[in-house]
$ cat final_38.pdb   # PDB, C-alpha atoms and all ligand atoms
ATOM      1  CA  MET G   1      56.989  59.041 -31.908
ATOM      2  CA  ARG G   2      57.494  62.711 -31.454
ATOM      3  CA  ILE G   3      54.826  63.535 -34.009
ATOM      4  CA  LEU G   4      52.463  61.075 -32.316
ATOM      5  CA  ARG G   5      53.110  62.715 -28.972
ATOM      6  CA  VAL G   6      52.443  66.165 -30.445
ATOM      7  CA  LEU G   7      49.227  64.899 -32.037
ATOM      8  CA  LEU G   8      48.076  63.288 -28.810
ATOM      9  CA  ALA G   9      48.808  66.476 -26.892
ATOM     10  CA  ALA G  10      46.856  68.483 -29.473
ATOM     11  CA  ALA G  11      43.912  66.055 -29.283
ATOM     12  CA  SER G  12      43.786  66.199 -25.505
ATOM     13  CA  ALA G  13      44.062  70.001 -25.543
ATOM     14  CA  LEU G  14      41.123  70.050 -27.977
ATOM     15  CA  SER G  15      38.999  67.751 -25.835
ATOM     16  CA  ALA G  16      39.933  69.845 -22.813
ATOM     17  CA  GLN G  17      38.281  72.778 -24.570
ATOM     18  CA  THR G  18      35.078  70.886 -25.248
ATOM     19  CA  LEU G  19      31.804  71.414 -23.452
ATOM     20  CA  HIS G  20      30.090  68.009 -23.217
ATOM     21  CA  ILE G  21      26.329  67.991 -22.832
ATOM     22  CA  TYR G  22      24.195  64.917 -22.235
ATOM     23  CA  ALA G  23      20.459  65.192 -22.747
ATOM     24  CA  ILE G  24      19.741  62.148 -20.593
ATOM     25  CA  ASP G  25      16.642  60.145 -21.368
ATOM     26  CA  VAL G  26      14.438  60.224 -18.272
ATOM     27  CA  GLU G  27      11.340  59.221 -20.218
ATOM     28  CA  GLY G  28       9.681  62.595 -20.625
ATOM     29  CA  GLY G  29      11.251  64.243 -17.576
ATOM     30  CA  LYS G  30      14.334  66.410 -17.575
ATOM     31  CA  SER G  31      17.963  65.769 -16.715
ATOM     32  CA  THR G  32      20.746  67.480 -18.622
ATOM     33  CA  LEU G  33      24.406  67.170 -17.703
ATOM     34  CA  TYR G  34      26.838  69.905 -18.695
ATOM     35  CA  VAL G  35      30.550  69.193 -18.290
ATOM     36  CA  SER G  36      32.548  72.370 -18.746
ATOM     37  CA  PRO G  37      35.960  72.468 -20.450
ATOM     38  CA  SER G  38      37.252  73.153 -16.905
ATOM     39  CA  GLY G  39      36.066  69.679 -15.845
ATOM     40  CA  GLU G  40      33.380  71.053 -13.521
ATOM     41  CA  SER G  41      29.888  69.670 -13.944
ATOM     42  CA  MET G  42      26.379  71.079 -13.721
ATOM     43  CA  LEU G  43      23.327  68.850 -13.707
ATOM     44  CA  VAL G  44      19.999  70.474 -14.521
ATOM     45  CA  ASP G  45      17.248  68.323 -12.925
ATOM     46  CA  THR G  46      17.272  64.658 -12.037
ATOM     47  CA  GLY G  47      14.275  62.971 -13.670
ATOM     48  CA  TYR G  48      11.878  60.795 -11.710
ATOM     49  CA  ALA G  49      12.030  58.920  -8.389
ATOM     50  CA  GLY G  50      11.500  55.184  -8.035
ATOM     51  CA  LYS G  51      11.600  52.882 -11.061
ATOM     52  CA  ASP G  52      14.482  50.871  -9.544
ATOM     53  CA  ASN G  53      16.845  53.864  -9.654
ATOM     54  CA  ARG G  54      16.398  54.104 -13.419
ATOM     55  CA  ASP G  55      17.046  57.836 -13.715
ATOM     56  CA  ALA G  56      19.837  58.036 -11.122
ATOM     57  CA  ASN G  57      21.531  55.134 -12.942
ATOM     58  CA  ARG G  58      21.239  56.897 -16.290
ATOM     59  CA  ILE G  59      22.674  60.112 -14.817
ATOM     60  CA  ALA G  60      25.575  58.176 -13.270
ATOM     61  CA  ALA G  61      26.219  56.470 -16.623
ATOM     62  CA  ALA G  62      26.351  59.828 -18.424
ATOM     63  CA  ALA G  63      28.679  61.221 -15.747
ATOM     64  CA  ALA G  64      30.958  58.188 -16.108
ATOM     65  CA  ALA G  65      30.995  58.603 -19.893
ATOM     66  CA  ALA G  66      31.986  62.249 -19.386
ATOM     67  CA  GLY G  67      34.681  61.271 -16.884
ATOM     68  CA  VAL G  68      33.182  63.090 -13.902
ATOM     69  CA  LYS G  69      32.695  61.556 -10.488
ATOM     70  CA  ARG G  70      30.479  64.180  -8.908
ATOM     71  CA  VAL G  71      27.878  66.804  -9.667
ATOM     72  CA  ASP G  72      29.503  70.089  -8.712
ATOM     73  CA  TYR G  73      26.385  72.211  -9.279
ATOM     74  CA  LEU G  74      22.908  70.683  -9.117
ATOM     75  CA  VAL G  75      20.229  73.019 -10.480
ATOM     76  CA  ILE G  76      16.626  72.030  -9.762
ATOM     77  CA  THR G  77      14.417  74.110 -12.041
ATOM     78  CA  HIS G  78      11.183  73.365 -10.127
ATOM     79  CA  TYR G  79       9.549  70.731  -7.924
ATOM     80  CA  HIS G  80       7.560  68.529 -10.253
ATOM     81  CA  GLY G  81       8.262  64.806 -10.064
ATOM     82  CA  ASP G  82       9.829  64.603 -13.539
ATOM     83  CA  HIS G  83      12.528  67.138 -12.502
ATOM     84  CA  ALA G  84      13.113  66.933  -8.730
ATOM     85  CA  GLY G  85      11.761  63.429  -8.060
ATOM     86  CA  GLY G  86      15.105  61.736  -8.611
ATOM     87  CA  VAL G  87      17.143  63.898  -6.187
ATOM     88  CA  PRO G  88      17.194  61.463  -3.201
ATOM     89  CA  GLN G  89      18.311  58.581  -5.425
ATOM     90  CA  LEU G  90      20.944  60.679  -7.119
ATOM     91  CA  ALA G  91      22.252  61.918  -3.751
ATOM     92  CA  ALA G  92      22.570  58.296  -2.611
ATOM     93  CA  LYS G  93      24.638  57.523  -5.689
ATOM     94  CA  MET G  94      26.860  60.527  -6.399
ATOM     95  CA  PRO G  95      28.555  63.342  -4.471
ATOM     96  CA  ILE G  96      26.893  66.724  -5.001
ATOM     97  CA  GLY G  97      28.716  70.032  -4.457
ATOM     98  CA  ARG G  98      25.988  72.654  -4.160
ATOM     99  CA  ILE G  99      22.256  72.845  -4.887
ATOM    100  CA  TYR G 100      20.511  75.751  -6.626
ATOM    101  CA  ASP G 101      16.745  76.177  -6.850
ATOM    102  CA  HIS G 102      13.977  78.803  -6.896
ATOM    103  CA  GLY G 103      13.155  78.592  -3.161
ATOM    104  CA  ASP G 104       9.869  77.360  -1.727
ATOM    105  CA  ASN G 105       7.269  75.129  -3.378
ATOM    106  CA  PHE G 106       4.492  77.115  -5.082
ATOM    107  CA  GLU G 107       2.131  74.111  -5.054
ATOM    108  CA  LYS G 108       1.816  73.529  -1.279
ATOM    109  CA  THR G 109      -1.783  72.352  -1.585
ATOM    110  CA  ASN G 110      -0.959  69.883  -4.352
ATOM    111  CA  VAL G 111      -0.411  66.526  -2.643
ATOM    112  CA  LYS G 112       1.598  65.136  -5.571
ATOM    113  CA  THR G 113       4.015  68.068  -5.667
ATOM    114  CA  GLN G 114       4.421  68.111  -1.882
ATOM    115  CA  ALA G 115       5.287  64.397  -2.054
ATOM    116  CA  VAL G 116       8.207  65.391  -4.312
ATOM    117  CA  PHE G 117       9.170  68.565  -2.478
ATOM    118  CA  GLU G 118       9.348  67.133   1.060
ATOM    119  CA  PRO G 119      11.969  64.430   0.390
ATOM    120  CA  TYR G 120      13.833  66.891  -1.839
ATOM    121  CA  GLU G 121      13.868  69.468   0.968
ATOM    122  CA  LYS G 122      15.357  66.894   3.361
ATOM    123  CA  VAL G 123      18.198  66.188   0.934
ATOM    124  CA  ARG G 124      18.710  69.896   0.308
ATOM    125  CA  GLU G 125      19.301  70.516   4.021
ATOM    126  CA  ARG G 126      22.421  68.349   3.878
ATOM    127  CA  TYR G 127      24.191  70.371   1.178
ATOM    128  CA  PRO G 128      25.259  73.954   0.581
ATOM    129  CA  HIS G 129      22.193  75.499  -1.007
ATOM    130  CA  GLN G 130      21.340  78.735  -2.768
ATOM    131  CA  THR G 131      18.055  80.202  -3.958
ATOM    132  CA  VAL G 132      18.680  82.021  -7.227
ATOM    133  CA  LYS G 133      17.049  85.142  -8.631
ATOM    134  CA  PRO G 134      17.016  86.469 -12.193
ATOM    135  CA  GLY G 135      20.346  88.189 -12.796
ATOM    136  CA  ASP G 136      22.306  85.661 -10.713
ATOM    137  CA  THR G 137      24.889  83.335 -12.218
ATOM    138  CA  ILE G 138      25.796  79.711 -11.482
ATOM    139  CA  PRO G 139      29.572  79.859 -10.940
ATOM    140  CA  ILE G 140      30.661  76.786 -12.922
ATOM    141  CA  LYS G 141      34.237  77.415 -14.108
ATOM    142  CA  GLY G 142      34.714  77.743 -17.860
ATOM    143  CA  LEU G 143      31.085  78.604 -18.665
ATOM    144  CA  ARG G 144      28.837  81.573 -18.082
ATOM    145  CA  VAL G 145      25.434  80.581 -16.765
ATOM    146  CA  ASP G 146      22.945  83.448 -16.515
ATOM    147  CA  VAL G 147      19.763  82.849 -14.559
ATOM    148  CA  VAL G 148      17.074  84.672 -16.547
ATOM    149  CA  ALA G 149      13.972  83.456 -14.705
ATOM    150  CA  SER G 150      13.236  82.072 -11.248
ATOM    151  CA  ALA G 151      10.257  81.901  -8.872
ATOM    152  CA  GLY G 152       8.001  83.711 -11.348
ATOM    153  CA  ASP G 153      10.339  86.663 -11.906
ATOM    154  CA  SER G 154      12.402  87.351 -14.993
ATOM    155  CA  ILE G 155      15.306  89.617 -15.823
ATOM    156  CA  THR G 156      14.179  93.187 -16.264
ATOM    157  CA  LYS G 157      17.097  94.201 -18.487
ATOM    158  CA  PRO G 158      18.303  92.332 -21.591
ATOM    159  CA  LEU G 159      21.435  90.211 -21.366
ATOM    160  CA  SER G 160      24.569  91.727 -22.836
ATOM    161  CA  GLY G 161      24.211  91.989 -26.623
ATOM    162  CA  ALA G 162      20.444  91.274 -26.514
ATOM    163  CA  GLY G 163      17.423  93.589 -26.378
ATOM    164  CA  GLN G 164      16.425  93.741 -30.022
ATOM    165  CA  PRO G 165      12.759  94.594 -30.754
ATOM    166  CA  ASN G 166      10.801  91.410 -31.504
ATOM    167  CA  PRO G 167       8.352  91.978 -34.368
ATOM    168  CA  LEU G 168       6.534  88.722 -33.575
ATOM    169  CA  CYS G 169       5.183  90.215 -30.344
ATOM    170  CA  ALA G 170       2.410  91.916 -32.362
ATOM    171  CA  SER G 171       0.913  88.507 -33.188
ATOM    172  CA  TYR G 172       1.177  87.040 -29.661
ATOM    173  CA  ASP G 173      -1.717  84.779 -28.697
ATOM    174  CA  ALA G 174      -1.992  84.902 -24.902
ATOM    175  CA  LEU G 175      -2.828  81.836 -22.806
ATOM    176  CA  PRO G 176      -4.194  82.058 -19.239
ATOM    177  CA  PRO G 177      -1.211  82.293 -16.848
ATOM    178  CA  ASP G 178      -0.154  79.159 -14.963
ATOM    179  CA  PRO G 179      -0.079  79.716 -11.176
ATOM    180  CA  GLY G 180       1.936  76.545 -10.475
ATOM    181  CA  GLU G 181       5.491  75.301 -10.413
ATOM    182  CA  ASN G 182       6.110  75.365 -14.182
ATOM    183  CA  ALA G 183       5.744  79.137 -14.275
ATOM    184  CA  HIS G 184       8.222  79.388 -11.394
ATOM    185  CA  SER G 185      10.932  77.371 -13.155
ATOM    186  CA  ILE G 186      14.510  78.485 -13.271
ATOM    187  CA  GLY G 187      15.522  79.464 -16.811
ATOM    188  CA  MET G 188      19.131  79.871 -17.944
ATOM    189  CA  ILE G 189      21.273  81.011 -20.841
ATOM    190  CA  ILE G 190      24.547  79.094 -20.967
ATOM    191  CA  THR G 191      27.499  80.572 -22.824
ATOM    192  CA  LEU G 192      30.854  79.162 -23.920
ATOM    193  CA  GLY G 193      32.681  81.772 -26.000
ATOM    194  CA  ASN G 194      30.602  82.245 -29.166
ATOM    195  CA  LEU G 195      28.260  79.388 -28.324
ATOM    196  CA  ARG G 196      24.922  80.053 -26.585
ATOM    197  CA  ILE G 197      22.335  77.618 -25.279
ATOM    198  CA  SER G 198      18.891  78.246 -23.805
ATOM    199  CA  ASP G 199      17.660  75.946 -21.046
ATOM    200  CA  LEU G 200      14.405  77.315 -19.678
ATOM    201  CA  GLY G 201      13.091  74.357 -17.672
ATOM    202  CA  ASP G 202       9.302  74.133 -17.924
ATOM    203  CA  LEU G 203       8.655  77.894 -18.108
ATOM    204  CA  PHE G 204       5.104  78.608 -19.149
ATOM    205  CA  TRP G 205       3.914  80.486 -22.260
ATOM    206  CA  ASP G 206       3.297  83.835 -20.505
ATOM    207  CA  LYS G 207       6.621  83.686 -18.643
ATOM    208  CA  GLU G 208       8.516  83.153 -21.874
ATOM    209  CA  TYR G 209       6.604  86.128 -23.262
ATOM    210  CA  GLU G 210       8.135  88.332 -20.543
ATOM    211  CA  LEU G 211      11.568  87.266 -21.768
ATOM    212  CA  ALA G 212      10.783  87.647 -25.459
ATOM    213  CA  CYS G 213       8.574  90.749 -25.616
ATOM    214  CA  PRO G 214       8.466  93.608 -26.382
ATOM    215  CA  VAL G 215      12.214  93.157 -26.840
ATOM    216  CA  ASN G 216      14.081  89.866 -26.937
ATOM    217  CA  LYS G 217      15.938  89.965 -23.606
ATOM    218  CA  LEU G 218      17.810  86.706 -24.224
ATOM    219  CA  GLY G 219      19.311  87.249 -27.685
ATOM    220  CA  THR G 220      19.882  84.394 -30.099
ATOM    221  CA  VAL G 221      21.160  80.905 -29.312
ATOM    222  CA  ASP G 222      22.816  78.088 -31.208
ATOM    223  CA  ILE G 223      21.060  75.324 -29.280
ATOM    224  CA  TYR G 224      17.514  75.399 -27.918
ATOM    225  CA  MET G 225      16.907  72.799 -25.215
ATOM    226  CA  THR G 226      13.143  72.643 -25.670
ATOM    227  CA  THR G 227      11.105  74.274 -22.933
ATOM    228  CA  HIS G 228       8.675  71.939 -21.103
ATOM    229  CA  HIS G 229       9.428  68.840 -23.212
ATOM    230  CA  GLY G 230       7.879  70.403 -26.315
ATOM    231  CA  THR G 231       4.461  70.797 -24.677
ATOM    232  CA  ALA G 232       1.960  73.051 -26.464
ATOM    233  CA  THR G 233       1.708  75.554 -23.568
ATOM    234  CA  SER G 234       5.390  76.513 -23.793
ATOM    235  CA  GLY G 235       7.728  77.448 -26.613
ATOM    236  CA  SER G 236       5.688  80.181 -28.294
ATOM    237  CA  PRO G 237       6.864  81.360 -31.722
ATOM    238  CA  GLN G 238       7.629  84.712 -30.038
ATOM    239  CA  MET G 239      10.244  82.969 -27.875
ATOM    240  CA  VAL G 240      11.530  80.161 -30.100
ATOM    241  CA  HIS G 241      11.810  82.175 -33.305
ATOM    242  CA  ALA G 242      13.470  85.077 -31.478
ATOM    243  CA  LEU G 243      16.014  82.640 -30.042
ATOM    244  CA  HIS G 244      16.747  81.712 -33.671
ATOM    245  CA  PRO G 245      18.321  78.324 -32.834
ATOM    246  CA  LYS G 246      20.288  76.254 -35.312
ATOM    247  CA  VAL G 247      19.526  73.048 -33.425
ATOM    248  CA  ALA G 248      16.799  72.067 -30.973
ATOM    249  CA  ILE G 249      16.997  69.104 -28.593
ATOM    250  CA  MET G 250      13.587  67.900 -27.440
ATOM    251  CA  ASN G 251      13.383  66.175 -24.036
ATOM    252  CA  ASN G 252      10.081  64.511 -24.797
ATOM    253  CA  GLY G 253       8.740  61.079 -23.896
ATOM    254  CA  ALA G 254       6.663  58.836 -26.130
ATOM    255  CA  ASP G 255       3.506  60.351 -24.640
ATOM    256  CA  LYS G 256       4.839  63.468 -22.922
ATOM    257  CA  GLY G 257       5.577  66.714 -24.749
ATOM    258  CA  GLY G 258       6.398  66.420 -28.419
ATOM    259  CA  SER G 259       3.058  68.067 -29.240
ATOM    260  CA  ILE G 260       2.192  68.716 -32.870
ATOM    261  CA  LYS G 261       1.738  72.443 -32.190
ATOM    262  CA  GLU G 262       5.146  72.863 -30.546
ATOM    263  CA  TRP G 263       6.937  70.536 -32.968
ATOM    264  CA  THR G 264       5.621  72.689 -35.819
ATOM    265  CA  THR G 265       6.721  75.939 -34.146
ATOM    266  CA  ILE G 266      10.249  74.566 -33.766
ATOM    267  CA  GLU G 267      10.414  73.144 -37.290
ATOM    268  CA  ASN G 268       9.275  76.529 -38.663
ATOM    269  CA  SER G 269      11.919  78.444 -36.710
ATOM    270  CA  PRO G 270      13.783  80.527 -39.312
ATOM    271  CA  ALA G 271      17.381  79.363 -38.721
ATOM    272  CA  LEU G 272      16.651  75.782 -37.670
ATOM    273  CA  GLU G 273      18.812  73.126 -39.312
ATOM    274  CA  ASP G 274      17.758  70.137 -37.221
ATOM    275  CA  LEU G 275      15.505  69.104 -34.396
ATOM    276  CA  TRP G 276      16.659  66.045 -32.424
ATOM    277  CA  GLN G 277      14.202  64.130 -30.239
ATOM    278  CA  LEU G 278      14.795  61.884 -27.233
ATOM    279  CA  HIS G 279      11.704  59.899 -28.208
ATOM    280  CA  TYR G 280       9.368  59.270 -31.072
ATOM    281  CA  SER G 281       6.222  61.207 -30.184
ATOM    282  CA  ASN G 282       3.030  59.159 -30.472
ATOM    283  CA  GLU G 283       0.977  62.338 -30.802
ATOM    284  CA  GLY G 284       3.162  63.477 -33.676
ATOM    285  CA  GLY G 285       2.707  60.312 -35.721
ATOM    286  CA  LYS G 286       4.268  59.997 -39.151
ATOM    287  CA  GLN G 287       3.836  63.653 -40.085
ATOM    288  CA  HIS G 288       5.238  65.339 -36.980
ATOM    289  CA  ASN G 289       8.356  63.434 -35.961
ATOM    290  CA  VAL G 290      11.850  63.957 -37.353
ATOM    291  CA  ALA G 291      13.677  61.288 -39.392
ATOM    292  CA  GLU G 292      14.455  58.238 -37.257
ATOM    293  CA  LYS G 293      18.213  58.782 -37.249
ATOM    294  CA  PHE G 294      17.635  62.006 -35.258
ATOM    295  CA  ILE G 295      15.551  60.172 -32.597
ATOM    296  CA  ALA G 296      17.399  58.545 -29.689
ATOM    297  CA  ASN G 297      14.563  56.218 -28.691
ATOM    298  CA  PRO G 298      12.233  55.570 -31.608
ATOM    299  CA  SER G 299      10.426  52.588 -30.094
ATOM    300  CA  ALA G 300       8.464  52.647 -26.819
ATOM    301  CA  GLU G 301       8.456  48.823 -26.764
ATOM    302  CA  ASP G 302      12.227  48.475 -27.235
ATOM    303  CA  ASP G 303      13.364  51.418 -25.111
ATOM    304  CA  HIS G 304      17.014  51.462 -23.975
ATOM    305  CA  GLY G 305      17.065  55.032 -22.638
ATOM    306  CA  TYR G 306      19.640  56.375 -25.069
ATOM    307  CA  ALA G 307      20.899  59.934 -24.612
ATOM    308  CA  ILE G 308      21.667  62.693 -27.087
ATOM    309  CA  GLU G 309      25.182  64.021 -26.664
ATOM    310  CA  ILE G 310      26.605  67.377 -27.717
ATOM    311  CA  MET G 311      30.268  68.284 -27.999
ATOM    312  CA  ALA G 312      30.548  72.064 -28.249
ATOM    313  CA  HIS G 313      33.397  74.524 -28.717
ATOM    314  CA  ALA G 314      34.038  78.163 -27.904
ATOM    315  CA  ASP G 315      34.171  79.078 -31.614
ATOM    316  CA  GLY G 316      30.460  78.216 -31.752
ATOM    317  CA  SER G 317      30.805  74.918 -33.617
ATOM    318  CA  PHE G 318      29.310  71.750 -32.155
ATOM    319  CA  THR G 319      28.571  68.133 -32.930
ATOM    320  CA  VAL G 320      25.366  66.344 -31.922
ATOM    321  CA  ARG G 321      25.406  62.560 -31.547
ATOM    322  CA  ASN G 322      22.619  60.050 -31.189
ATOM    323  CA  ASP G 323      23.869  57.499 -28.643
ATOM    324  CA  ARG G 324      21.630  54.783 -30.105
ATOM    325  CA  ASN G 325      23.105  54.616 -33.597
ATOM    326  CA  GLN G 326      26.165  56.863 -33.233
ATOM    327  CA  PHE G 327      24.744  59.059 -36.010
ATOM    328  CA  GLU G 328      26.325  62.481 -35.613
ATOM    329  CA  LYS G 329      26.293  65.814 -37.342
ATOM    330  CA  THR G 330      28.534  68.863 -36.968
ATOM    331  CA  TYR G 331      27.237  72.419 -37.126
ATOM    332  CA  GLN G 332      29.452  75.408 -37.815
ATOM    333  CA  LYS G 333      28.893  78.905 -36.424
TER     334      LYS G 333
HETATM  335 ZN    ZN Q 401       8.574  68.702 -16.794
END

$ encode --input "final_38.pdb" --output "structure tokens"
Amino acid sequence: MRILRVLLAAASALSAQTLHIYAIDVEGGKSTLYVSPSGESMLVDTGYAGKDNRDANRIAAAAAAAGVKRVDYLVITHYHGDHAGGVPQLAAKMPIGRIYDHGDNFEKTNVKTQAVFEPYEKVRERYPHQTVKPGDTIPIKGLRVDVVASAGDSITKPLSGAGQPNPLCASYDALPPDPGENAHSIGMIITLGNLRISDLGDLFWDKEYELACPVNKLGTVDIYMTTHHGTATSGSPQMVHALHPKVAIMNNGADKGGSIKEWTTIENSPALEDLWQLHYSNEGGKQHNVAEKFIANPSAEDDHGYAIEIMAHADGSFTVRNDRNQFEKTYQK
């Protein structure tokens, strides 16, 4: 009995030191739940509105699986419907501690974006709210969350330990800048001890360039949460290869993101061991999708909205699990 009790205590101490991450399937939108070893939670985006509360229900299910009853820190990266649309439904379903965003809507003349921003703004008024700037942190206990981009600005100095020259900058292929909300996304680097994660919202190609060139201001990461769902106008080789991720998690839908160009950039990233996808990408076809066991939702016809879960530790090791088939794989630092 005594040994059992010691083992149980050791197991619970271990799980208490685990960062749980849920890449929630919001069908090509974004919603990622981080539950710190401290027990505090941060939700990055809320997926879509409508659809019979589909996305709010999936967020609540992930929170329940993680054992949290509220969202302590809600970060809204920008005001497109696939990120901020679900806020009113989430607020009706779960307590929220504090809301962080980039400030005002940069697409005031876009009727679709205003139709997302206005109801969001009404919800925001009811909670403590903070507009973040590059260099700020989100104060979730047990993690370090550095805001590296917000409202079109990016950090001017490298993060601690970063700032290496990036030789890939010489071969940068510029795209015309995006004036809209994507380019104004919040971007973050999340750190737990030796483990680093990049979560850059839908930052656009040229905005990532500011972070990656001429020196890599972000440093390397273990996990790359794909920028902009794996769309071809984000995730340049200059950014992705400089981040040097071991694992990438792609928040694509069947017909959203998951572009052949971006998929190839990620697969060619020098330290990459595995890319995991929330969906099979129709654009990618047979040649440009990962093996089915790494895909949470391989069939658009038989779609159950499975998540991809990550259990991460301060020593830099982590396990990724496909909630559909329970296939999991552990990565060491
Ligand atoms: Zn998006």

$ residues_near_ligand --input "final_38.pdb" --ligand "ligand ZN 401 (chain Q)" --cutoff "10 Å" --atoms "only C-alpha atoms and all ligand atoms" --output "MDAnalysis selection string"
chainID G and resid 28:31 45 47:48 77:84 181:182 185 201:203 227:231 251:252 256:257

$ residues_around --input "final_38.pdb" --residues "Gln332 of chain G" --least-positions-apart "4" --cutoff "9 Å" --atoms "all atoms listed in the file" --output "CSV table (one decimal) with C-alpha atoms, in the frame of the given file"
chain,number,residue,atom,x,y,z
G,315,ASP,CA,34.2,79.1,-31.6
G,316,GLY,CA,30.5,78.2,-31.8
G,317,SER,CA,30.8,74.9,-33.6
G,318,PHE,CA,29.3,71.8,-32.2
G,319,THR,CA,28.6,68.1,-32.9

$ resolve_selection --input "final_38.pdb" --expression "the PyMOL selection byres (((chain G and resi 187) around 6) and not hetatm)" --output "PDB file with C-alpha atoms, in the coordinates of the input"
ATOM      1  CA  VAL G 147      19.763  82.849 -14.559  1.00  0.00           C
ATOM      2  CA  VAL G 148      17.074  84.672 -16.547  1.00  0.00           C
ATOM      3  CA  ALA G 149      13.972  83.456 -14.705  1.00  0.00           C
ATOM      4  CA  ILE G 186      14.510  78.485 -13.271  1.00  0.00           C
ATOM      5  CA  MET G 188      19.131  79.871 -17.944  1.00  0.00           C
ATOM      6  CA  ASP G 199      17.660  75.946 -21.046  1.00  0.00           C
ATOM      7  CA  LEU G 200      14.405  77.315 -19.678  1.00  0.00           C
ATOM      8  CA  GLY G 201      13.091  74.357 -17.672  1.00  0.00           C
TER       9      GLY G 201
END

$ atom_distance --input "final_38.pdb" --atom1 "atom CA of Ser236 of chain G" --atom2 "atom CA of Gly86 of chain G"
28.6 Å

$ resolve_selection --input "final_38.pdb" --expression "the PyMOL selection byres (((chain G and resi 259) around 12) and not hetatm)" --output "number ranges by chain"
G: 226-235, 250-258, 260-266, 277, 279-285, 287-289

$ write_last_selection --input "final_38.pdb" --atoms "C-alpha atoms" --output "short mmCIF file (atom, residue, chain, number, x, y, z; two decimals), in the coordinates of the input"
data_model
loop_
_atom_site.label_atom_id
_atom_site.label_comp_id
_atom_site.auth_asym_id
_atom_site.auth_seq_id
_atom_site.Cartn_x
_atom_site.Cartn_y
_atom_site.Cartn_z
CA THR G 226 13.14 72.64 -25.67
CA THR G 227 11.10 74.27 -22.93
CA HIS G 228 8.68 71.94 -21.10
CA HIS G 229 9.43 68.84 -23.21
CA GLY G 230 7.88 70.40 -26.32
CA THR G 231 4.46 70.80 -24.68
CA ALA G 232 1.96 73.05 -26.46
CA THR G 233 1.71 75.55 -23.57
CA SER G 234 5.39 76.51 -23.79
CA GLY G 235 7.73 77.45 -26.61
CA MET G 250 13.59 67.90 -27.44
CA ASN G 251 13.38 66.18 -24.04
CA ASN G 252 10.08 64.51 -24.80
CA GLY G 253 8.74 61.08 -23.90
CA ALA G 254 6.66 58.84 -26.13
CA ASP G 255 3.51 60.35 -24.64
CA LYS G 256 4.84 63.47 -22.92
CA GLY G 257 5.58 66.71 -24.75
CA GLY G 258 6.40 66.42 -28.42
CA ILE G 260 2.19 68.72 -32.87
CA LYS G 261 1.74 72.44 -32.19
CA GLU G 262 5.15 72.86 -30.55
CA TRP G 263 6.94 70.54 -32.97
CA THR G 264 5.62 72.69 -35.82
CA THR G 265 6.72 75.94 -34.15
CA ILE G 266 10.25 74.57 -33.77
CA GLN G 277 14.20 64.13 -30.24
CA HIS G 279 11.70 59.90 -28.21
CA TYR G 280 9.37 59.27 -31.07
CA SER G 281 6.22 61.21 -30.18
CA ASN G 282 3.03 59.16 -30.47
CA GLU G 283 0.98 62.34 -30.80
CA GLY G 284 3.16 63.48 -33.68
CA GLY G 285 2.71 60.31 -35.72
CA GLN G 287 3.84 63.65 -40.08
CA HIS G 288 5.24 65.34 -36.98
CA ASN G 289 8.36 63.43 -35.96
#
